[in-house]
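Worksheet: one structure, shown below.
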Amino acid sequence: MTTEQYPKVYLYKRIVQAKLFIDTNFADKIDIDHISDEAFFSKFHFIRLFKQIYGKTPHQYLTSVRIDNAILLFQKDKPVSDVCFSVGFESLSSFSGLFKKNVGVSPSTFLAQEQYRRQQIIQNPLNYISGCFAHKFGWTKYSNFEEVK
Amino acid sequence: MIRKLTFATVYVLNQASAYDFYVNKLGFKVHTDAPIGKDNRWLTVTPPDQPEIELSLLLVTEGEMFTREAVKTVTELIQKGTFGHGGFECKDIYATYEELKSKGVEFAKPPKEEFYGVAAVFKDDSGNWFSLTQKK
């Protein structure tokens with residue numbers, strides 16, 4: 001079986017395009033009806049196929065993409081309110097609730113944990129690097145983490 | 001007694017490009033990104049559903065690990081696609097294949113039915129290859 005002959009190839013291409021649309025436009029107000037129209041599916045058919053392929057409904061997937069991007073922004077030390085709106089949530093309360101449900105801690109707690117971890121990495125990088133590789137590269141405690149010449 | 005694997009190493013030729021490939025194209029999560037010296041970092045990523053196993057994206061660079069000659073040799077071998085580093089599993093290989101292809105990922109072998117499932121082979125931005133399987 002060649003690449004272009006696998007089962008339901010055109011159907012896959014349309015669902016994947018819809019998924020990539022969510023990946024690209026998660027920060028905007030996304031209407032699932034609009035995406036299913038773009039993919040030339042009825043809303044019901046689209047949701048069923050999407051869930052079959054990705055294990056989540058398009059709406060659940062959109063939420064997970066927004067949360068994942070919020071995590072990336074927290075890792076870059078962005079404040080909670082900025083992150084909330086820049087990943088597409090319309091209220092802090094819905095963002096906080098969904099974030100805690102998915103990640104296990106509130107956005108502010110997560111941000112504080114990331115800030116602490118980042119600070120620790122700067123202060124004690126060897127605690128976060130495999131010892132054998134640190135040794136092999138000459139990243140030792142007293143080397144000031146300059147590479148061996 | 002060995003109990004578990006904590007990390008495995010993939011040698012890459014450019015860490016910024018590797019970050020883009022593994023995080024933005026494959027959808028892996030950043031575990032640790034610690035700058036080391038001027039041009040190097042300890043960069044580890046994890047598959048989305050497997051946060052306990054890190055892939056260390058280690059730069060091929062001259063030092064105690066590699067001599068200048070070794071850097072040249074290893075770089076050439078990676079670029080030639082000599083090294084296969086492992087296999088990934090996905091829920092739906094055709095959807096994953098279409099998505100990665102649309103993001104510019106190079107496939108050495110498109111999805112093909114095998115006795116154990118459907119399998120493909122793709123390359124990272126340096127030239128390292130991995131198998132991708134949807135099990136039966």
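By convention in this document, the chains of the structure tokens carry letters A, B, ... by their order, each chain's residues are numbered from 1, and ligands are numbered from 1 in the order they are shown.
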
- prompt: For chain B against chain A, which residues fall within 8 Å using only C-alpha atoms, given as JSON, numbers by chain?
  reply: {"B": [32, 34, 36, 37, 38, 42, 62, 63, 64, 65, 91, 92, 94, 95, 98, 99, 110, 111, 112, 113]}

Using only N, CA and C atoms, please write the residues we just selected to a file, as a short mmCIF file (atom, residue, chain, number, x, y, z; two decimals), in the first residue's frame.
data_model
loop_
_atom_site.label_atom_id
_atom_site.label_comp_id
_atom_site.auth_asym_id
_atom_site.auth_seq_id
_atom_site.Cartn_x
_atom_site.Cartn_y
_atom_site.Cartn_z
N THR B 32 13.64 20.30 30.69
CA THR B 32 14.65 21.19 31.26
C THR B 32 15.37 21.92 30.13
N ALA B 34 18.42 24.36 30.39
CA ALA B 34 19.37 25.08 31.25
C ALA B 34 20.57 25.53 30.43
N ILE B 36 24.19 26.45 29.44
CA ILE B 36 25.50 26.05 29.95
C ILE B 36 26.54 26.75 29.11
N GLY B 37 27.30 27.65 29.72
CA GLY B 37 28.30 28.37 28.94
C GLY B 37 27.64 29.29 27.92
N LYS B 38 28.38 29.61 26.87
CA LYS B 38 27.92 30.61 25.92
C LYS B 38 26.97 30.05 24.87
N TRP B 42 21.60 22.43 28.38
CA TRP B 42 21.11 21.09 28.71
C TRP B 42 19.61 21.14 28.41
N GLU B 62 32.92 20.27 20.21
CA GLU B 62 34.28 19.88 20.59
C GLU B 62 34.48 20.08 22.09
N GLY B 63 35.11 19.09 22.73
CA GLY B 63 35.36 19.17 24.17
C GLY B 63 35.87 17.84 24.64
N GLU B 64 35.60 17.50 25.90
CA GLU B 64 36.08 16.22 26.41
C GLU B 64 35.33 15.05 25.78
N MET B 65 34.10 15.30 25.36
CA MET B 65 33.29 14.24 24.76
C MET B 65 33.75 13.92 23.34
N LYS B 91 -1.44 7.13 18.27
CA LYS B 91 -2.80 6.56 18.26
C LYS B 91 -3.28 6.32 16.84
N ASP B 92 -2.99 7.27 15.97
CA ASP B 92 -3.45 7.16 14.58
C ASP B 92 -2.32 7.58 13.66
N TYR B 94 -1.90 7.57 10.39
CA TYR B 94 -2.18 8.32 9.16
C TYR B 94 -2.39 9.81 9.48
N ALA B 95 -3.09 10.08 10.58
CA ALA B 95 -3.28 11.47 10.99
C ALA B 95 -1.95 12.10 11.39
N GLU B 98 0.14 12.73 8.21
CA GLU B 98 -0.33 13.91 7.46
C GLU B 98 0.07 15.20 8.16
N GLU B 99 -0.07 15.20 9.49
CA GLU B 99 0.27 16.42 10.23
C GLU B 99 1.76 16.73 10.15
N PRO B 110 7.08 6.11 4.31
CA PRO B 110 5.69 6.46 4.67
C PRO B 110 5.01 5.29 5.39
N PRO B 111 3.85 5.51 5.98
CA PRO B 111 3.18 4.43 6.71
C PRO B 111 2.99 3.19 5.84
N LYS B 112 3.31 2.05 6.41
CA LYS B 112 3.19 0.78 5.68
C LYS B 112 2.70 -0.28 6.65
N GLU B 113 1.80 -1.09 6.17
CA GLU B 113 1.29 -2.16 7.04
C GLU B 113 2.35 -3.23 7.23
#

message: I need the residues in stretch 81-130 of chain A that are helix (DSSP H, G or I) according to DSSP; give them as a PyMOL selection string.
response: chain A and resi 81-86+92-103+107-123+125-128

Just-selected residues, N, CA and C atoms written as a compact mmCIF listing (two decimals), in the first residue's frame:
# COMPACT_ATOMS: atom_id res chain seq x y z
N SER A 81 -2.52 37.09 34.17
CA SER A 81 -3.58 37.76 33.42
C SER A 81 -3.22 37.89 31.94
N ASP A 82 -1.94 38.18 31.65
CA ASP A 82 -1.51 38.28 30.25
C ASP A 82 -1.65 36.93 29.55
N VAL A 83 -1.24 35.88 30.25
CA VAL A 83 -1.27 34.55 29.66
C VAL A 83 -2.71 34.14 29.37
N CYS A 84 -3.59 34.38 30.32
CA CYS A 84 -5.00 34.01 30.19
C CYS A 84 -5.58 34.50 28.87
N PHE A 85 -5.43 35.79 28.62
CA PHE A 85 -6.06 36.37 27.42
C PHE A 85 -5.26 36.09 26.15
N SER A 86 -3.96 35.95 26.29
CA SER A 86 -3.17 35.73 25.07
C SER A 86 -3.29 34.30 24.54
N LEU A 92 -10.66 35.21 33.52
CA LEU A 92 -9.66 34.63 34.41
C LEU A 92 -10.22 33.44 35.18
N SER A 93 -11.53 33.53 35.52
CA SER A 93 -12.09 32.44 36.33
C SER A 93 -12.18 31.14 35.51
N SER A 94 -12.58 31.23 34.24
CA SER A 94 -12.65 29.99 33.46
C SER A 94 -11.23 29.46 33.19
N PHE A 95 -10.28 30.37 32.96
CA PHE A 95 -8.89 29.95 32.76
C PHE A 95 -8.36 29.23 33.99
N SER A 96 -8.57 29.86 35.17
CA SER A 96 -8.05 29.27 36.41
C SER A 96 -8.67 27.90 36.66
N GLY A 97 -9.97 27.81 36.47
CA GLY A 97 -10.67 26.55 36.72
C GLY A 97 -10.19 25.44 35.80
N LEU A 98 -10.09 25.74 34.50
CA LEU A 98 -9.66 24.72 33.53
C LEU A 98 -8.18 24.37 33.70
N PHE A 99 -7.38 25.37 34.04
CA PHE A 99 -5.95 25.12 34.24
C PHE A 99 -5.76 24.17 35.41
N LYS A 100 -6.44 24.47 36.51
CA LYS A 100 -6.29 23.63 37.70
C LYS A 100 -6.81 22.21 37.44
N LYS A 101 -7.90 22.13 36.70
CA LYS A 101 -8.47 20.82 36.39
C LYS A 101 -7.49 19.99 35.54
N ASN A 102 -6.78 20.63 34.63
CA ASN A 102 -5.89 19.91 33.73
C ASN A 102 -4.48 19.71 34.28
N VAL A 103 -3.97 20.72 34.99
CA VAL A 103 -2.57 20.67 35.44
C VAL A 103 -2.46 20.22 36.90
N PRO A 107 -3.04 28.53 38.13
CA PRO A 107 -2.03 29.21 37.29
C PRO A 107 -1.00 29.97 38.12
N SER A 108 -1.43 30.66 39.18
CA SER A 108 -0.47 31.44 39.97
C SER A 108 0.51 30.53 40.70
N THR A 109 0.01 29.39 41.19
CA THR A 109 0.92 28.43 41.85
C THR A 109 1.91 27.87 40.83
N PHE A 110 1.41 27.52 39.65
CA PHE A 110 2.28 26.97 38.61
C PHE A 110 3.36 27.98 38.23
N LEU A 111 2.96 29.25 38.05
CA LEU A 111 3.92 30.29 37.70
C LEU A 111 4.99 30.43 38.79
N ALA A 112 4.56 30.41 40.05
CA ALA A 112 5.51 30.54 41.17
C ALA A 112 6.48 29.35 41.17
N GLN A 113 5.95 28.15 40.91
CA GLN A 113 6.82 26.96 40.86
C GLN A 113 7.83 27.07 39.73
N GLU A 114 7.38 27.56 38.56
CA GLU A 114 8.29 27.72 37.43
C GLU A 114 9.36 28.77 37.72
N GLN A 115 8.95 29.86 38.37
CA GLN A 115 9.93 30.92 38.71
C GLN A 115 10.99 30.37 39.66
N TYR A 116 10.55 29.59 40.63
CA TYR A 116 11.48 29.00 41.60
C TYR A 116 12.43 28.04 40.89
N ARG A 117 11.86 27.19 40.02
CA ARG A 117 12.67 26.19 39.31
C ARG A 117 13.71 26.87 38.41
N ARG A 118 13.27 27.94 37.72
CA ARG A 118 14.19 28.65 36.83
C ARG A 118 15.34 29.28 37.63
N GLN A 119 14.97 29.82 38.78
CA GLN A 119 15.98 30.44 39.64
C GLN A 119 16.98 29.37 40.12
N GLN A 120 16.44 28.20 40.47
CA GLN A 120 17.31 27.11 40.92
C GLN A 120 18.23 26.63 39.81
N ILE A 121 17.71 26.58 38.58
CA ILE A 121 18.54 26.15 37.44
C ILE A 121 19.71 27.11 37.25
N ILE A 122 19.42 28.41 37.41
CA ILE A 122 20.50 29.41 37.25
C ILE A 122 21.52 29.28 38.39
N GLN A 123 21.00 29.09 39.60
CA GLN A 123 21.91 29.04 40.76
C GLN A 123 22.66 27.71 40.86
N PRO A 125 22.88 24.81 38.36
CA PRO A 125 22.57 24.06 37.12
C PRO A 125 22.93 22.59 37.20
N LEU A 126 23.97 22.25 37.97
CA LEU A 126 24.38 20.85 38.01
C LEU A 126 23.32 19.95 38.64
N ASN A 127 22.42 20.53 39.41
CA ASN A 127 21.33 19.73 39.98
C ASN A 127 20.34 19.28 38.92
N TYR A 128 20.40 19.90 37.76
CA TYR A 128 19.41 19.61 36.71
C TYR A 128 20.04 18.92 35.50

task: Work out how far apart atom CA of B:Phe28 and atom CA of A:Glu90 are and give it in Å to one decimal.
output: 26.7 Å

Just the residues within 8 Å of stretch 16-25 of chain B, please, counting only C-alpha atoms, with nothing from its chain fewer than 2 positions along; format it as a PDB file with N, CA and C atoms, in the first residue's frame.
ATOM      1  N   VAL B  12      22.435  16.297  18.393  1.00  0.00           N
ATOM      2  CA  VAL B  12      21.870  17.183  17.372  1.00  0.00           C
ATOM      3  C   VAL B  12      22.928  18.190  16.910  1.00  0.00           C
ATOM      4  N   LEU B  13      22.684  18.779  15.755  1.00  0.00           N
ATOM      5  CA  LEU B  13      23.680  19.689  15.180  1.00  0.00           C
ATOM      6  C   LEU B  13      23.380  21.145  15.485  1.00  0.00           C
ATOM      7  N   ASN B  14      22.147  21.424  15.925  1.00  0.00           N
ATOM      8  CA  ASN B  14      21.774  22.801  16.270  1.00  0.00           C
ATOM      9  C   ASN B  14      20.635  22.724  17.300  1.00  0.00           C
ATOM     10  N   GLY B  27       5.536  18.163  18.927  1.00  0.00           N
ATOM     11  CA  GLY B  27       4.621  18.413  20.047  1.00  0.00           C
ATOM     12  C   GLY B  27       5.129  17.900  21.382  1.00  0.00           C
ATOM     13  N   PHE B  28       6.459  17.710  21.504  1.00  0.00           N
ATOM     14  CA  PHE B  28       7.024  17.263  22.770  1.00  0.00           C
ATOM     15  C   PHE B  28       7.019  18.417  23.768  1.00  0.00           C
ATOM     16  N   LYS B  29       7.121  18.050  25.068  1.00  0.00           N
ATOM     17  CA  LYS B  29       7.142  19.058  26.132  1.00  0.00           C
ATOM     18  C   LYS B  29       8.586  19.324  26.537  1.00  0.00           C
ATOM     19  N   VAL B  30       8.867  20.572  26.871  1.00  0.00           N
ATOM     20  CA  VAL B  30      10.201  20.903  27.379  1.00  0.00           C
ATOM     21  C   VAL B  30      10.265  20.472  28.841  1.00  0.00           C
ATOM     22  N   VAL B  45      13.549  17.033  26.456  1.00  0.00           N
ATOM     23  CA  VAL B  45      12.127  17.076  26.108  1.00  0.00           C
ATOM     24  C   VAL B  45      11.510  15.717  26.413  1.00  0.00           C
ATOM     25  N   LEU B  57      18.658  16.497  24.126  1.00  0.00           N
ATOM     26  CA  LEU B  57      19.089  16.938  22.789  1.00  0.00           C
ATOM     27  C   LEU B  57      20.455  17.598  22.949  1.00  0.00           C
ATOM     28  N   LEU B 100       2.593  15.718  10.398  1.00  0.00           N
ATOM     29  CA  LEU B 100       4.042  15.967  10.387  1.00  0.00           C
ATOM     30  C   LEU B 100       4.526  16.336   8.987  1.00  0.00           C
ATOM     31  N   LYS B 103       3.970  19.795   8.262  1.00  0.00           N
ATOM     32  CA  LYS B 103       4.893  20.677   8.986  1.00  0.00           C
ATOM     33  C   LYS B 103       6.320  20.575   8.445  1.00  0.00           C
ATOM     34  N   VAL B 105       8.145  17.718   8.031  1.00  0.00           N
ATOM     35  CA  VAL B 105       8.975  16.616   8.532  1.00  0.00           C
ATOM     36  C   VAL B 105       9.235  15.627   7.390  1.00  0.00           C
ATOM     37  N   ASP B 124      14.715  13.609  12.089  1.00  0.00           N
ATOM     38  CA  ASP B 124      14.644  14.913  12.754  1.00  0.00           C
ATOM     39  C   ASP B 124      15.414  15.938  11.918  1.00  0.00           C
ATOM     40  N   ASP B 125      15.522  17.157  12.415  1.00  0.00           N
ATOM     41  CA  ASP B 125      16.131  18.238  11.628  1.00  0.00           C
ATOM     42  C   ASP B 125      17.627  18.051  11.440  1.00  0.00           C
ATOM     43  N   SER B 126      18.251  17.182  12.269  1.00  0.00           N
ATOM     44  CA  SER B 126      19.682  16.938  12.108  1.00  0.00           C
ATOM     45  C   SER B 126      19.948  15.796  11.136  1.00  0.00           C
TER      46      SER B 126
END

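If you count only C-alpha atoms and ignore residues fewer than 2 places along the chain from B:Gln50, what sits within 12 Å of it is Leu5, Thr6, Phe7, Phe28, Lys29, Val30, His31, Val45, Thr46, Pro47, Pro48, Glu52, Ile53, Glu54, Leu55, Phe88, Glu89 and Cys90 of chain B.
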
Dump of N, CA and C atoms for the selected residues, as an mmCIF file, in the first residue's frame:
data_model
loop_
_atom_site.group_PDB
_atom_site.id
_atom_site.type_symbol
_atom_site.label_atom_id
_atom_site.label_comp_id
_atom_site.auth_asym_id
_atom_site.auth_seq_id
_atom_site.Cartn_x
_atom_site.Cartn_y
_atom_site.Cartn_z
ATOM 1 N N LEU B 5 14.652 3.734 33.054
ATOM 2 C CA LEU B 5 15.382 4.649 32.180
ATOM 3 C C LEU B 5 14.931 6.068 32.516
ATOM 4 N N THR B 6 15.893 6.951 32.749
ATOM 5 C CA THR B 6 15.516 8.331 33.068
ATOM 6 C C THR B 6 15.660 9.259 31.862
ATOM 7 N N PHE B 7 16.751 9.056 31.101
ATOM 8 C CA PHE B 7 16.879 9.864 29.892
ATOM 9 C C PHE B 7 17.706 9.127 28.858
ATOM 10 N N PHE B 28 6.459 17.710 21.504
ATOM 11 C CA PHE B 28 7.024 17.263 22.770
ATOM 12 C C PHE B 28 7.019 18.417 23.768
ATOM 13 N N LYS B 29 7.121 18.050 25.068
ATOM 14 C CA LYS B 29 7.142 19.058 26.132
ATOM 15 C C LYS B 29 8.586 19.324 26.537
ATOM 16 N N VAL B 30 8.867 20.572 26.871
ATOM 17 C CA VAL B 30 10.201 20.903 27.379
ATOM 18 C C VAL B 30 10.265 20.472 28.841
ATOM 19 N N HIS B 31 11.253 19.647 29.170
ATOM 20 C CA HIS B 31 11.435 19.258 30.580
ATOM 21 C C HIS B 31 12.427 20.198 31.261
ATOM 22 N N VAL B 45 13.549 17.033 26.456
ATOM 23 C CA VAL B 45 12.127 17.076 26.108
ATOM 24 C C VAL B 45 11.510 15.717 26.413
ATOM 25 N N THR B 46 10.189 15.699 26.540
ATOM 26 C CA THR B 46 9.512 14.428 26.795
ATOM 27 C C THR B 46 8.356 14.247 25.805
ATOM 28 N N PRO B 47 8.082 12.995 25.429
ATOM 29 C CA PRO B 47 6.876 12.767 24.617
ATOM 30 C C PRO B 47 5.654 13.226 25.412
ATOM 31 N N PRO B 48 4.610 13.706 24.718
ATOM 32 C CA PRO B 48 3.465 14.304 25.425
ATOM 33 C C PRO B 48 2.845 13.420 26.507
ATOM 34 N N GLU B 52 7.899 11.068 32.128
ATOM 35 C CA GLU B 52 8.965 10.541 33.000
ATOM 36 C C GLU B 52 10.230 10.155 32.229
ATOM 37 N N ILE B 53 10.159 10.109 30.892
ATOM 38 C CA ILE B 53 11.361 9.762 30.118
ATOM 39 C C ILE B 53 11.799 10.970 29.293
ATOM 40 N N GLU B 54 13.023 11.434 29.583
ATOM 41 C CA GLU B 54 13.530 12.624 28.889
ATOM 42 C C GLU B 54 14.430 12.233 27.713
ATOM 43 N N LEU B 55 14.300 12.979 26.629
ATOM 44 C CA LEU B 55 15.266 12.886 25.541
ATOM 45 C C LEU B 55 16.181 14.094 25.667
ATOM 46 N N PHE B 88 8.724 5.635 18.257
ATOM 47 C CA PHE B 88 7.594 6.295 18.931
ATOM 48 C C PHE B 88 6.305 5.595 18.525
ATOM 49 N N GLU B 89 5.339 5.749 19.382
ATOM 50 C CA GLU B 89 4.038 5.132 19.122
ATOM 51 C C GLU B 89 2.996 6.232 19.034
ATOM 52 N N CYS B 90 2.008 6.055 18.194
ATOM 53 C CA CYS B 90 0.942 7.052 18.109
ATOM 54 C C CYS B 90 -0.411 6.346 18.015
#

query: So how far away is atom CA of B:His85 from atom CA of B:Lys135, in Å?
result: 18.8 Å

- prompt: Which residue out of B:Val60, B:Ile78, B:Ser102, B:Leu26 has the minimum interatomic distance to B:Leu132 when only C-alpha atoms are used?
  reply: B:Leu26

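Going from atom CA of B:Leu59 to atom CA of B:Val74 covers 11.0 Å.
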
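Every protein or nucleic acid residue with an atom no more than 12 Å from B:Leu77, counting only C-alpha atoms and leaving out same-chain residues fewer than 5 positions away, appears here: Tyr11, Val12, Leu13, Val60, Ala70, Val71, Lys72, Thr82, Phe83, Gly84, Ser126, Gly127, Asn128 and Trp129 of chain B.
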
I need the residues from that last selection saved to file as a JSON list (two decimals), in the first residue's frame (with C-alpha atoms), if you can.
[["chain", "number", "residue", "atom", "x", "y", "z"],
["B", 11, "TYR", "CA", 23.00, 14.16, 19.37],
["B", 12, "VAL", "CA", 21.87, 17.18, 17.37],
["B", 13, "LEU", "CA", 23.68, 19.69, 15.18],
["B", 60, "VAL", "CA", 27.77, 17.74, 18.99],
["B", 70, "ALA", "CA", 35.15, 13.25, 16.05],
["B", 71, "VAL", "CA", 32.84, 16.28, 15.71],
["B", 72, "LYS", "CA", 33.44, 16.26, 11.96],
["B", 82, "THR", "CA", 23.27, 6.78, 9.94],
["B", 83, "PHE", "CA", 21.74, 6.79, 13.40],
["B", 84, "GLY", "CA", 18.34, 5.49, 14.38],
["B", 126, "SER", "CA", 19.68, 16.94, 12.11],
["B", 127, "GLY", "CA", 19.23, 13.62, 10.28],
["B", 128, "ASN", "CA", 18.55, 11.22, 13.18],
["B", 129, "TRP", "CA", 15.77, 8.81, 12.35]]

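Ranking B:Gln15, B:Thr44, B:Thr133, B:Thr73 by their shortest atom-to-atom distance to B:Glu114, with only C-alpha atoms included, puts B:Thr133 first.
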